[in-house]
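Undergrad: Submitted below is the structure of interest, expressed as structure tokens.
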Amino acid sequence: MVSRQWGFTKYAREDYVKWKQQGRMDPDGVNAKLLDNHGLMSKRRPDQLFLGPARIYKVAVDDAQ
């Protein structure tokens, strides 16, 4: 069986590789944490400060309403 996810994470393979190159993935045992833009800047290392979001969620808008 082949999964679209990266290992035991909930992230797609393409996204995981892209975020790993950007330094947004924090290894956490067999899983990984995605570093986003939330939280205090004073508690972040300089290489963990990102200008844009990691994910952009697109929500369909129903024009019929």
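Chain identifiers are assigned as A, B, and so on, following the order in which chains appear in the structure tokens; residues are numbered from 1 within each chain, and ligands are numbered from 1 in order of appearance.
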Among the residues of chain A, find those DSSP assigns to alpha helix (DSSP H) from the backbone and print them as an NGL selection string.
TA: :A and (13-22)
Undergrad: For the selection you just gave me, I'd like the residues written to a file as a compact mmCIF listing (two decimals), in the first residue's frame, keeping N, CA and C atoms.
TA:
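Listing of selection-v4.txt after writing:
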# COMPACT_ATOMS: atom_id res chain seq x y z
N ARG A 13 3.19 14.35 0.87
CA ARG A 13 4.63 14.25 0.58
C ARG A 13 5.19 15.53 -0.01
N GLU A 14 4.49 16.11 -1.00
CA GLU A 14 4.99 17.33 -1.66
C GLU A 14 5.10 18.48 -0.67
N ASP A 15 4.07 18.63 0.16
CA ASP A 15 4.08 19.71 1.15
C ASP A 15 5.20 19.51 2.17
N TYR A 16 5.38 18.29 2.64
CA TYR A 16 6.41 18.01 3.65
C TYR A 16 7.79 18.36 3.12
N VAL A 17 8.10 17.94 1.90
CA VAL A 17 9.42 18.21 1.31
C VAL A 17 9.63 19.72 1.16
N LYS A 18 8.58 20.42 0.67
CA LYS A 18 8.69 21.88 0.48
C LYS A 18 8.91 22.58 1.82
N TRP A 19 8.14 22.21 2.83
CA TRP A 19 8.25 22.85 4.14
C TRP A 19 9.56 22.49 4.82
N LYS A 20 10.05 21.29 4.60
CA LYS A 20 11.34 20.88 5.18
C LYS A 20 12.47 21.74 4.61
N GLN A 21 12.42 22.02 3.30
CA GLN A 21 13.43 22.87 2.66
C GLN A 21 13.36 24.31 3.19
N GLN A 22 12.16 24.75 3.53
CA GLN A 22 11.98 26.11 4.07
C GLN A 22 12.32 26.19 5.55
Undergrad: Go through A:Val30, A:Leu35, A:Met25, A:Ala12 one by one, measure the shortest atom-to-atom distance of each to Gly52 in chain A using only C-alpha atoms, and give the residue with the smallest value.
TA: A:Leu35
Undergrad: Excluding Leu49 in chain A and residues on its chain fewer than 6 positions from it, collect all residues at most 10 Å away from it, counting only C-alpha atoms, and give them as a list in words.
TA: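 In the requested format, the answer is Gly23, Arg24, Leu35, Asp36, Asn37, His38 and Met41 of chain A.
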Undergrad: Give me, as a list in words, the residues of chain A that a backbone DSSP run labels strand (DSSP E or B).
TA: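 Of chain A, only Gln5, Ala12, Met25, Asp26, Pro27, Asp28, Asn31, Ala32, Lys33 and Leu34 of chain A fall in strand (DSSP E or B).
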Undergrad: Rounded to one decimal, what separation in Å do you get between CA of Arg55 in chain A and CA of Leu34 in chain A?
TA: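 Computing the Euclidean distance for CA of Arg55 in chain A and CA of Leu34 in chain A yields 9.9 Å.
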Undergrad: Would you please work out which residue, of A:Ile56, A:Ala32, A:Ser42, A:Asp26, is nearest to Tyr11 in chain A when using only C-alpha atoms?
TA: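 Smallest distance to Tyr11 in chain A is found for A:Ala32.
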Undergrad: Work out how far CA of Gln5 in chain A is from CA of Asp28 in chain A, in Å to one decimal.
TA: 16.0 Å
